[in-house]
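Asks: Structure provided below as structure tokens; questions to follow.
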Amino acid sequence: MTLYDQLPALVVAVLLFTAPIAYMLRLHGFPWFVATAGVVTSFAVACSLAATVIGGETIIYEMGGWPAPYGIVLSIDALSALMAMLITGASSAALIFGYKSLADEVGEEIAPAFFAAWLLCTAGLVGMVVSGDAFNIFVFMEISSLSTYVLISAGPDRRALISTYRYIVMGTVGATFYLIGVGFLYMVTGTLNTADLAARVGQVEDIRLVLVAAGFVSVGLAVKAAIFPLHSWMPNAYTFAPNAVTVFIAAASTKVSLYVLMRVDYAIFQNSIANHDVQLTFFLVPLGVLALFSGSMLAIYEKNLKRLLAYSSVAQIGYIALGISMTSVAGLTGAIVHMFNHGLIKGGMFMAVACLAIRYRTVNVANLAGAGRAMPWTMAAFVIGGLGLIGVPLTPGFISKWYLVLAALNEGWLGALLVAIILFSSLLAVIYVWKVIEVAYFREPRSNAVPVTEEAPLVMLIPTWIVVLAGVWIALDTGMTVGLASVGAKILLGAAL
Amino acid sequence: MIFSEADTILYALIIPLVGAIAIALTGRWPNVRETVTLTTAVCLAVVVWSLVPALQTGGRPELKLGEMLPGLSIAFKVEPLGMLFAALASGLWIVNSVYSIGYMRGNNEQNQTRFYVCFAIALAAAVGVAFSANLLTLFIFYEVLTISTYPLVAHKGDEATVKSARVYMGILLGTSIGLLLPAMIWTYSVAGTLDFTPGGILAGRIAEPLVGLLLLMFAFGIGKAALMPIHRWLPAAMVAPTPVSALLHAVAVVKAGVFTVTKVFVYIFGIDFLFAQPSHRLIIWFACFTIVVSSFIALRQTNLKRLLAYSTIGQLSYVVLAASVLKPLSEVGASMHMMAHAFGKITLFFAAGAIYVASKKTEITDMRGIGRRMPWTMAAFSIGALSMIGVPPTGGFISKWYILGGAIQDDNYLALATIVASTLLNAAYFLPFIFAAFLYKEDVQPVKQHGEAPWQMVAALTCTALLTFAFFLFHQPIADLEAQILVQ
């Protein structure tokens with residue numbers, strides 16, 4: 001066996017092994033360096049995996065050589081590779097970006113633990129997407145959740161602790177629900193391997209237990225994915241976390257739960273429960289639509305910029321939920337592409353917000369008057385990101401919206417209604433994005449405000465622009481994202497490639 | 001030729017963008033900055049106009065930049081309609097830049113660098129719209145045009161201006177995302193392509209009543225065509241400095257709208273297919289309604305720029321009406337009217353801006369006798385107004401001739417009656433004002449004694465007034481070129 005064959009394990013293992021190193025090497029700046037080296041390596045591995053599976057094959061990796069269903073299995077296809085790229089990419093970008101802002105917000109004495117937690121969090125999230133085993137998904141979910149709590153509570157504001165506490169409660173409920181669901185499935189089938197489950201659930205005679213399992217799993221994951229109305233933990237967690245942490249978790253963490261929802265639902269339940277597509281539609285469409293409206297409306301009336309973006313995420317998750325609910329290749333492609341593209345857009349926008357925060361020392365929208373002139377590069381990055389949320393062409397948001405609308409148009413009259421809703425909510429996005437732009441560009445700073453004259457430091461600005469330009473790039477050259485997403489969608493649906 | 005034609009298209013898109021960057025960098029030295037603007041404008045015009053000979057001999061230069069979605073690329077293809085629009089916008093940008101310099105300096109406007117940068121970006125977007133080879137590329141530049149003109153409309157930055165600018169952007173973005181985008185995706189899902197193809201791509205792929213629905217989604221989704229009831233953004237845009245109203249809201253932005261409508265009719269639906277569908281009559285009714293109603297509203301305006309805005313709304317619907325009559329003569333008339341109206345209306349706006357800079361007057365009622373102080377400006381204004389009415393020897397006569405010809409080919413008496421009525425109404429709101437300006441005594445004394453506006457402005461408006469005559473005399477090559485759009 002060559003090292004190349006070990007890549008599926010390495011993408012997680014690199015992170016798990018570097019975590020203790022980051023914790024133990026307590027030299028100045030070293031934990032950051034180790035963590036960055038770890039996630040960047042993992043990102044490189046994820047990219048190479050993605051290049052392998054874009055053709056449509058699935059890599060099955062047996063841990064320790066133990067064959068399934070006895071051993072632990074990692075399974076990587078186009079969808080999981082895309083997600084792994086998103087997670088490790090977001091993690092790398094946020095860490096590189098956070099070199100200065102994390103030093104600013106997170107104290108030197110807790111830095112080793114903080115960066116170890118960061119590595120574990122990334123490892124947990126990547127583990128969830130590469131795992132081919134329903135129980136291991138839970139294990140990795142717990143690893144990522146526990147370390148996320150640590151990351152959020154490191155926020156400089158004391159309210160970070162309360163937000164973390166609320167997140168712990170909600171997150172634990174979500175994870176437990178998922179575990180209960182998986183427990184039921186184990187009870188009726190005697191297996192935890194996803195592929196095995198898919199084969200055996202269909203043969204179960206008493207369908208009621210499977211239905212209960214499906215309910216628990218879906219609701220549990222909906223909590224973790226912050227699907228409206230189970231999103232209440234999210235806005236404050238995003239708001240009070242250190243800025244670089246917000247970049248990372250906003251880009252990656254909720255998406256992973258959506259991924260698991262998609263994976264478990266399509267691999268296990270869709271094939272085995274009659275009319276499950278209708279059940280899924282009735283579960284997700286109303287929630288998605290409500291998320292679009294309530295998230296956008298809350299964002300419109302929000303004064304804190306970080307929370308505004310968090311509410312916007314609630315709405316954007318609504319798009320993904322709608323895409324998942326449509327059970328068609330175009331719909332799933334739209335949902336998957338939007339997971340990736342929204343991660344990139346939101347990550348870039350939170351980076352721009354962090355740049356603003358380091359100069360203005362506040363993220364209240366009203367205090368950012370004149371930022372367009374004082375920090376032109378930062379605000380330009382924010383504007384490009386905002387146009388992405390609206391879905392203007394040449395931004396990644398346009399691509400995902402294109403597929404969602406294309407999918408909805410194939411759904412008859414209900415689909416036409418969905419098209420109208422999707423486009424109307426884009427207009428709501430115009431309002432909340434433009435609200436910020438107007439203040440920053442067209443309003444004079446208050447006379448009693450401390451004038452800001454300096455751009456953000458280059459160590460922050462350059463990563464921000466790399467992410468923003470990467471977004472423009474994948475809006476122009478969609479071969480990689482749409483390619484992986486459509487292959488992933490076809491695998492989920494069992495359609496011919 | 002030194003460059004290939006594909007290169008020329010690329011340069012036409014890049015030059016204004018490079019210009020924008022150069023303007024931003026030289027913002028500290030106003031004279032250098034203005035030189036950059038003028039140089040960029042001249043370069044753009046030369047590059048765009050250099051494509052004309054190739055088109056006249058039947059060539060269709062193409063450029064493909066990359067594939068954005070499967071089967072959908074960012075691609076450009078120059079055809080006569082787009083050539084006309086690009087040549088018009090780039091040529092008038094030179095004149096308008098000279099005028100802008102006089103206006104912005106004469107008025108001591110703030111943020112002049114931002115103004116010139118956004119202007120250059122808007123021109124790049126207009127050229128992109130003109131040269132697009134498919135609807136997706138067009139849509140991209142259409143949106144860039146909306147967004148890049150927002151800072152120009154909101155230029156003044158006070159509460160009322162920003163409110164108007166919001167109306168402007170809200171309506172344009174709202175209609176394009178809410179109607180044009182789904183119409184486009186629908187077309188793609190039905191036809192499998194969005195390329196502008198002579199003869200259309202929808203024939204036989206979609207049937208009534210869905211054709212009607214799609215047609216309405218296009219007609220109202222292209223908000224820049226200002227078909228009532230989505231015309232309100234245009235009067236709202238009048239809070240912008242007058243050079244913006246002149247080039248963008250009389251030429252680039254609004255013409256991008258009617259240009260897109262014409263292009264969708266000719267190259268997406270195909271005029272033969274659309275003519276066979278009864279629902280195309282709907283658009284004729286909407287256009288006629290807009291022409292008549294906007295003229296009545298214009299009659300009641302007291303603010304000169306708002307009057308011009310409502311006149312523009314009516315004139316734009318001439319183009320939509322001509323395009324939706326779907327006869328060869330009327331399609332040529334649609335493109336001719338884009339040009340004729342551009343020369344006339346830019347002259348009118350130039351004159352309105354000159355009056356404002358010289359006298360600070362904006363209300364028609366205050367402008368009695370102004371012709372005595374500013375004879376040159378008001379003479380140009382009169383020429384522009386005559387072109388709006390359609391009196392020979394001005395350009396408006398030519399395009400009206402073609403449109404009427406198309407309406408007669410179709411035996412369309414509704415269109416005929418509307419054009420006649422609108423001619424009378426145009427005369428009713430322009431002529432009394434012109435008479436009052438020349439013949440009456442001044443009854444409101446200006447704040448300070450004044451004569452003509454700065455020379456740059458007078459030069460610009462003289463130039464465009466002469467173009468109105470020139471179009472009357474030398475329109476034949478343009479008509480010949482435009483007649484090619486129906487060749488399949």
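Chain labels follow the order of the structure tokens: the first chain is A, the next B, and so on; residue numbering restarts at 1 in every chain, and ligands are counted from 1 in their shown order.
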Do me a favour and pick out the residues of chain A within 8 Å of chain B, using only C-alpha atoms, as a PyMOL selection string.
Replies: chain A and resi 392-394+399+402+405-406+409+419-420+423-424+426-427+442-443+475-479
Asks: Mind dumping the selected residues with N, CA and C atoms as a PDB file, in the first residue's frame?
Replies:
```
ATOM      1  N   VAL A 392     -26.406  37.940  -7.471  1.00  0.00           N
ATOM      2  CA  VAL A 392     -26.118  38.686  -8.694  1.00  0.00           C
ATOM      3  C   VAL A 392     -25.145  37.865  -9.539  1.00  0.00           C
ATOM      4  N   PRO A 393     -25.295  37.872 -10.856  1.00  0.00           N
ATOM      5  CA  PRO A 393     -24.367  37.113 -11.684  1.00  0.00           C
ATOM      6  C   PRO A 393     -22.920  37.536 -11.472  1.00  0.00           C
ATOM      7  N   LEU A 394     -22.011  36.641 -11.774  1.00  0.00           N
ATOM      8  CA  LEU A 394     -20.573  36.773 -11.532  1.00  0.00           C
ATOM      9  C   LEU A 394     -20.219  36.556 -10.075  1.00  0.00           C
ATOM     10  N   ILE A 399     -24.873  31.051  -9.244  1.00  0.00           N
ATOM     11  CA  ILE A 399     -24.822  29.687  -9.768  1.00  0.00           C
ATOM     12  C   ILE A 399     -25.793  28.798  -8.995  1.00  0.00           C
ATOM     13  N   TRP A 402     -29.350  29.639  -9.721  1.00  0.00           N
ATOM     14  CA  TRP A 402     -29.707  29.163 -11.062  1.00  0.00           C
ATOM     15  C   TRP A 402     -30.215  27.719 -10.985  1.00  0.00           C
ATOM     16  N   VAL A 405     -33.600  27.387  -9.062  1.00  0.00           N
ATOM     17  CA  VAL A 405     -34.749  27.822  -9.855  1.00  0.00           C
ATOM     18  C   VAL A 405     -35.022  26.828 -10.975  1.00  0.00           C
ATOM     19  N   LEU A 406     -33.956  26.339 -11.597  1.00  0.00           N
ATOM     20  CA  LEU A 406     -34.116  25.347 -12.662  1.00  0.00           C
ATOM     21  C   LEU A 406     -34.839  24.113 -12.117  1.00  0.00           C
ATOM     22  N   LEU A 409     -38.539  24.876 -11.373  1.00  0.00           N
ATOM     23  CA  LEU A 409     -39.378  25.011 -12.575  1.00  0.00           C
ATOM     24  C   LEU A 409     -39.888  23.660 -13.069  1.00  0.00           C
ATOM     25  N   VAL A 419     -40.353  29.237  -7.075  1.00  0.00           N
ATOM     26  CA  VAL A 419     -39.498  30.173  -7.810  1.00  0.00           C
ATOM     27  C   VAL A 419     -39.778  31.593  -7.336  1.00  0.00           C
ATOM     28  N   ALA A 420     -41.077  31.910  -7.252  1.00  0.00           N
ATOM     29  CA  ALA A 420     -41.448  33.254  -6.820  1.00  0.00           C
ATOM     30  C   ALA A 420     -40.895  33.533  -5.428  1.00  0.00           C
ATOM     31  N   LEU A 423     -37.074  34.009  -5.456  1.00  0.00           N
ATOM     32  CA  LEU A 423     -36.646  35.289  -6.025  1.00  0.00           C
ATOM     33  C   LEU A 423     -37.056  36.443  -5.129  1.00  0.00           C
ATOM     34  N   PHE A 424     -38.234  36.306  -4.489  1.00  0.00           N
ATOM     35  CA  PHE A 424     -38.650  37.375  -3.580  1.00  0.00           C
ATOM     36  C   PHE A 424     -37.656  37.498  -2.424  1.00  0.00           C
ATOM     37  N   SER A 426     -34.585  36.824  -2.547  1.00  0.00           N
ATOM     38  CA  SER A 426     -33.364  37.489  -3.030  1.00  0.00           C
ATOM     39  C   SER A 426     -33.515  38.996  -2.897  1.00  0.00           C
ATOM     40  N   LEU A 427     -34.741  39.467  -3.128  1.00  0.00           N
ATOM     41  CA  LEU A 427     -34.963  40.907  -3.030  1.00  0.00           C
ATOM     42  C   LEU A 427     -34.875  41.371  -1.584  1.00  0.00           C
ATOM     43  N   PHE A 442     -22.471  56.121   1.958  1.00  0.00           N
ATOM     44  CA  PHE A 442     -23.168  57.377   1.686  1.00  0.00           C
ATOM     45  C   PHE A 442     -23.500  58.177   2.933  1.00  0.00           C
ATOM     46  N   ARG A 443     -23.087  57.703   4.094  1.00  0.00           N
ATOM     47  CA  ARG A 443     -23.374  58.495   5.282  1.00  0.00           C
ATOM     48  C   ARG A 443     -22.072  59.006   5.885  1.00  0.00           C
ATOM     49  N   ALA A 475     -17.523  31.280  -9.618  1.00  0.00           N
ATOM     50  CA  ALA A 475     -18.735  31.717 -10.300  1.00  0.00           C
ATOM     51  C   ALA A 475     -18.521  31.717 -11.807  1.00  0.00           C
ATOM     52  N   LEU A 476     -17.271  31.887 -12.219  1.00  0.00           N
ATOM     53  CA  LEU A 476     -16.980  31.921 -13.652  1.00  0.00           C
ATOM     54  C   LEU A 476     -16.655  30.535 -14.183  1.00  0.00           C
ATOM     55  N   ASP A 477     -15.871  29.799 -13.409  1.00  0.00           N
ATOM     56  CA  ASP A 477     -15.483  28.466 -13.844  1.00  0.00           C
ATOM     57  C   ASP A 477     -16.121  27.471 -12.890  1.00  0.00           C
ATOM     58  N   THR A 478     -17.281  26.960 -13.270  1.00  0.00           N
ATOM     59  CA  THR A 478     -18.051  26.149 -12.337  1.00  0.00           C
ATOM     60  C   THR A 478     -17.722  24.669 -12.470  1.00  0.00           C
ATOM     61  N   GLY A 479     -16.724  24.342 -13.303  1.00  0.00           N
ATOM     62  CA  GLY A 479     -16.444  22.932 -13.557  1.00  0.00           C
ATOM     63  C   GLY A 479     -16.238  22.117 -12.289  1.00  0.00           C
TER      64      GLY A 479
END
```
Asks: With only C-alpha atoms as the counted atoms, please give the residues lying no more than 9 Å from Met375 of chain A, apart from itself and same-chain residues fewer than 4 positions off, as number ranges by chain.
Replies: A: 355-356, 370-371, 379-380, 452-456
Asks: If you keep N, CA and C atoms, can you produce a file of those selected residues as an mmCIF file, in the first residue's frame?
Replies:
```cif
data_model
loop_
_atom_site.group_PDB
_atom_site.id
_atom_site.type_symbol
_atom_site.label_atom_id
_atom_site.label_comp_id
_atom_site.auth_asym_id
_atom_site.auth_seq_id
_atom_site.Cartn_x
_atom_site.Cartn_y
_atom_site.Cartn_z
ATOM 1 N N CYS A 355 -12.233 42.568 9.653
ATOM 2 C CA CYS A 355 -11.357 43.696 9.297
ATOM 3 C C CYS A 355 -11.949 45.001 9.820
ATOM 4 N N LEU A 356 -13.263 45.160 9.625
ATOM 5 C CA LEU A 356 -13.912 46.373 10.133
ATOM 6 C C LEU A 356 -13.778 46.437 11.649
ATOM 7 N N GLY A 370 -19.087 55.956 6.785
ATOM 8 C CA GLY A 370 -17.817 56.427 6.254
ATOM 9 C C GLY A 370 -16.799 55.332 6.035
ATOM 10 N N ALA A 371 -17.166 54.066 6.344
ATOM 11 C CA ALA A 371 -16.194 52.979 6.181
ATOM 12 C C ALA A 371 -15.813 52.795 4.718
ATOM 13 N N MET A 379 -14.389 47.223 2.425
ATOM 14 C CA MET A 379 -15.793 47.384 2.072
ATOM 15 C C MET A 379 -16.071 46.824 0.685
ATOM 16 N N ALA A 380 -15.091 46.946 -0.221
ATOM 17 C CA ALA A 380 -15.309 46.373 -1.551
ATOM 18 C C ALA A 380 -15.486 44.863 -1.446
ATOM 19 N N VAL A 452 -11.651 56.796 11.772
ATOM 20 C CA VAL A 452 -10.821 55.679 11.320
ATOM 21 C C VAL A 452 -10.208 56.086 9.999
ATOM 22 N N THR A 453 -8.891 56.030 9.910
ATOM 23 C CA THR A 453 -8.254 56.472 8.673
ATOM 24 C C THR A 453 -7.463 55.354 8.023
ATOM 25 N N GLU A 454 -7.298 54.232 8.757
ATOM 26 C CA GLU A 454 -6.374 53.216 8.278
ATOM 27 C C GLU A 454 -7.131 52.022 7.747
ATOM 28 N N GLU A 455 -6.624 51.422 6.655
ATOM 29 C CA GLU A 455 -7.141 50.160 6.161
ATOM 30 C C GLU A 455 -6.770 49.066 7.150
ATOM 31 N N ALA A 456 -7.453 47.927 7.059
ATOM 32 C CA ALA A 456 -7.088 46.776 7.882
ATOM 33 C C ALA A 456 -5.677 46.324 7.510
#
```
Asks: At what distance in Å, to one decimal, does atom CA of Val98 of chain B lie from atom CA of Phe469 of chain B?
Replies: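 Value for the atom CA of Phe469 of chain B-atom CA of Val98 of chain B distance: 20.6 Å.
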Asks: Mind checking which residues fall within 6 Å of segment 488-497 of chain A, counting only C-alpha atoms, ignoring those fewer than 3 positions away in the same chain, and posting them as a list of chain:residue names?
Replies: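 What passes the distance filter is A:Ala78, A:Leu79, A:Tyr266, A:Val329, A:Leu332, A:Thr333, A:Leu484, A:Ala485.
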Asks: So that I can check the surroundings of Ile390 of chain A, please list as a ChimeraX atom specification every protein, DNA and RNA residue that reaches within 12 Å of it, counting only C-alpha atoms and ignoring chain neighbours fewer than 5 positions away.
Replies: /A:296,312,315-316,342,345-346,383-385,395-401,422-434 /B:143,173-174,177-178
Asks: For those residues, write N, CA and C atoms to a file as an mmCIF file, in the first residue's frame.
Replies:
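Written out: selection07.cif:
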```cif
data_model
loop_
_atom_site.group_PDB
_atom_site.id
_atom_site.type_symbol
_atom_site.label_atom_id
_atom_site.label_comp_id
_atom_site.auth_asym_id
_atom_site.auth_seq_id
_atom_site.Cartn_x
_atom_site.Cartn_y
_atom_site.Cartn_z
ATOM 1 N N SER A 296 -34.545 36.558 6.563
ATOM 2 C CA SER A 296 -34.293 37.820 5.861
ATOM 3 C C SER A 296 -34.894 38.998 6.622
ATOM 4 N N SER A 312 -28.922 36.181 8.073
ATOM 5 C CA SER A 312 -28.879 35.916 6.643
ATOM 6 C C SER A 312 -28.531 34.452 6.398
ATOM 7 N N ALA A 315 -31.540 32.349 6.548
ATOM 8 C CA ALA A 315 -32.277 32.384 5.288
ATOM 9 C C ALA A 315 -31.600 31.535 4.231
ATOM 10 N N GLN A 316 -30.274 31.633 4.152
ATOM 11 C CA GLN A 316 -29.562 30.895 3.115
ATOM 12 C C GLN A 316 -29.669 29.393 3.338
ATOM 13 N N HIS A 342 -22.170 29.204 -0.540
ATOM 14 C CA HIS A 342 -22.531 30.064 0.579
ATOM 15 C C HIS A 342 -21.435 30.069 1.632
ATOM 16 N N ILE A 345 -18.967 32.536 0.368
ATOM 17 C CA ILE A 345 -19.457 33.919 0.447
ATOM 18 C C ILE A 345 -19.454 34.398 1.892
ATOM 19 N N LYS A 346 -20.074 33.583 2.786
ATOM 20 C CA LYS A 346 -20.206 34.018 4.176
ATOM 21 C C LYS A 346 -18.851 34.111 4.852
ATOM 22 N N VAL A 383 -18.923 44.206 -0.191
ATOM 23 C CA VAL A 383 -19.950 44.430 -1.218
ATOM 24 C C VAL A 383 -20.022 43.239 -2.171
ATOM 25 N N ILE A 384 -18.853 42.735 -2.572
ATOM 26 C CA ILE A 384 -18.868 41.587 -3.489
ATOM 27 C C ILE A 384 -19.537 40.386 -2.817
ATOM 28 N N GLY A 385 -19.204 40.191 -1.540
ATOM 29 C CA GLY A 385 -19.866 39.112 -0.801
ATOM 30 C C GLY A 385 -21.371 39.329 -0.732
ATOM 31 N N THR A 395 -21.218 36.236 -9.251
ATOM 32 C CA THR A 395 -20.920 35.849 -7.875
ATOM 33 C C THR A 395 -21.383 34.396 -7.718
ATOM 34 N N PRO A 396 -20.774 33.680 -6.748
ATOM 35 C CA PRO A 396 -21.131 32.266 -6.623
ATOM 36 C C PRO A 396 -22.617 32.058 -6.308
ATOM 37 N N GLY A 397 -23.243 33.050 -5.627
ATOM 38 C CA GLY A 397 -24.651 32.885 -5.281
ATOM 39 C C GLY A 397 -25.537 32.717 -6.495
ATOM 40 N N PHE A 398 -25.123 33.278 -7.608
ATOM 41 C CA PHE A 398 -25.927 33.185 -8.824
ATOM 42 C C PHE A 398 -26.011 31.751 -9.323
ATOM 43 N N ILE A 399 -24.873 31.051 -9.244
ATOM 44 C CA ILE A 399 -24.822 29.687 -9.768
ATOM 45 C C ILE A 399 -25.793 28.798 -8.995
ATOM 46 N N SER A 400 -25.731 28.900 -7.663
ATOM 47 C CA SER A 400 -26.597 28.015 -6.886
ATOM 48 C C SER A 400 -28.060 28.378 -7.092
ATOM 49 N N LYS A 401 -28.337 29.672 -7.181
ATOM 50 C CA LYS A 401 -29.727 30.073 -7.389
ATOM 51 C C LYS A 401 -30.220 29.589 -8.741
ATOM 52 N N ILE A 422 -38.308 32.061 -3.881
ATOM 53 C CA ILE A 422 -36.841 32.154 -3.903
ATOM 54 C C ILE A 422 -36.410 33.541 -4.395
ATOM 55 N N LEU A 423 -37.074 34.009 -5.456
ATOM 56 C CA LEU A 423 -36.646 35.289 -6.025
ATOM 57 C C LEU A 423 -37.056 36.443 -5.129
ATOM 58 N N PHE A 424 -38.234 36.306 -4.489
ATOM 59 C CA PHE A 424 -38.650 37.375 -3.580
ATOM 60 C C PHE A 424 -37.656 37.498 -2.424
ATOM 61 N N SER A 425 -37.200 36.352 -1.938
ATOM 62 C CA SER A 425 -36.279 36.444 -0.806
ATOM 63 C C SER A 425 -34.930 37.001 -1.250
ATOM 64 N N SER A 426 -34.585 36.824 -2.547
ATOM 65 C CA SER A 426 -33.364 37.489 -3.030
ATOM 66 C C SER A 426 -33.515 38.996 -2.897
ATOM 67 N N LEU A 427 -34.741 39.467 -3.128
ATOM 68 C CA LEU A 427 -34.963 40.907 -3.030
ATOM 69 C C LEU A 427 -34.875 41.371 -1.584
ATOM 70 N N LEU A 428 -35.307 40.491 -0.663
ATOM 71 C CA LEU A 428 -35.134 40.849 0.745
ATOM 72 C C LEU A 428 -33.646 40.949 1.063
ATOM 73 N N ALA A 429 -32.862 40.065 0.449
ATOM 74 C CA ALA A 429 -31.409 40.140 0.663
ATOM 75 C C ALA A 429 -30.857 41.464 0.163
ATOM 76 N N VAL A 430 -31.416 41.964 -0.942
ATOM 77 C CA VAL A 430 -30.983 43.276 -1.432
ATOM 78 C C VAL A 430 -31.135 44.302 -0.321
ATOM 79 N N ILE A 431 -32.271 44.229 0.385
ATOM 80 C CA ILE A 431 -32.533 45.258 1.399
ATOM 81 C C ILE A 431 -31.496 45.195 2.511
ATOM 82 N N TYR A 432 -31.255 43.980 3.057
ATOM 83 C CA TYR A 432 -30.346 43.973 4.209
ATOM 84 C C TYR A 432 -28.888 44.192 3.814
ATOM 85 N N VAL A 433 -28.526 43.799 2.602
ATOM 86 C CA VAL A 433 -27.162 44.089 2.170
ATOM 87 C C VAL A 433 -27.005 45.583 1.900
ATOM 88 N N TRP A 434 -28.016 46.134 1.219
ATOM 89 C CA TRP A 434 -27.895 47.536 0.825
ATOM 90 C C TRP A 434 -27.922 48.471 2.016
ATOM 91 N N GLU B 143 -27.021 43.768 -15.058
ATOM 92 C CA GLU B 143 -26.988 43.983 -13.617
ATOM 93 C C GLU B 143 -25.826 44.882 -13.218
ATOM 94 N N LEU B 173 -33.419 46.266 -9.941
ATOM 95 C CA LEU B 173 -32.957 44.955 -9.482
ATOM 96 C C LEU B 173 -34.139 44.029 -9.260
ATOM 97 N N GLY B 174 -35.213 44.588 -8.699
ATOM 98 C CA GLY B 174 -36.381 43.771 -8.390
ATOM 99 C C GLY B 174 -36.964 43.138 -9.639
ATOM 100 N N ILE B 177 -34.347 40.552 -11.181
ATOM 101 C CA ILE B 177 -34.208 39.282 -10.464
ATOM 102 C C ILE B 177 -35.553 38.574 -10.374
ATOM 103 N N GLY B 178 -36.616 39.342 -10.198
ATOM 104 C CA GLY B 178 -37.928 38.734 -9.986
ATOM 105 C C GLY B 178 -38.582 38.227 -11.260
#
```
Asks: Which residues are close to segment 292-298 of chain B, i.e. within 8 Å by only C-alpha atoms, leaving aside same-chain residues fewer than 4 positions away? Reply as a PyMOL selection string.
Replies: chain B and resi 288+306-308+310-311+313-314+418+421-422+425-426+429
Asks: Using only C-alpha atoms, which residue out of B:Thr260, B:Ser399, B:Thr377, B:Ser148 lies closest to Leu81 of chain B?
Replies: B:Thr260
Asks: For Val167 of chain B, which residue among B:Phe397, B:Trp233, B:Phe289, B:Phe196 is the nearest when counting only C-alpha atoms?
Replies: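 Nearest to Val167 of chain B: B:Trp233.
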Asks: Suppose you want the space between atom CA of Lys255 of chain B and atom CA of Leu316 of chain B; what is it in Å?
Replies: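 Computed distance, atom CA of Lys255 of chain B to atom CA of Leu316 of chain B, equals 7.8 Å.
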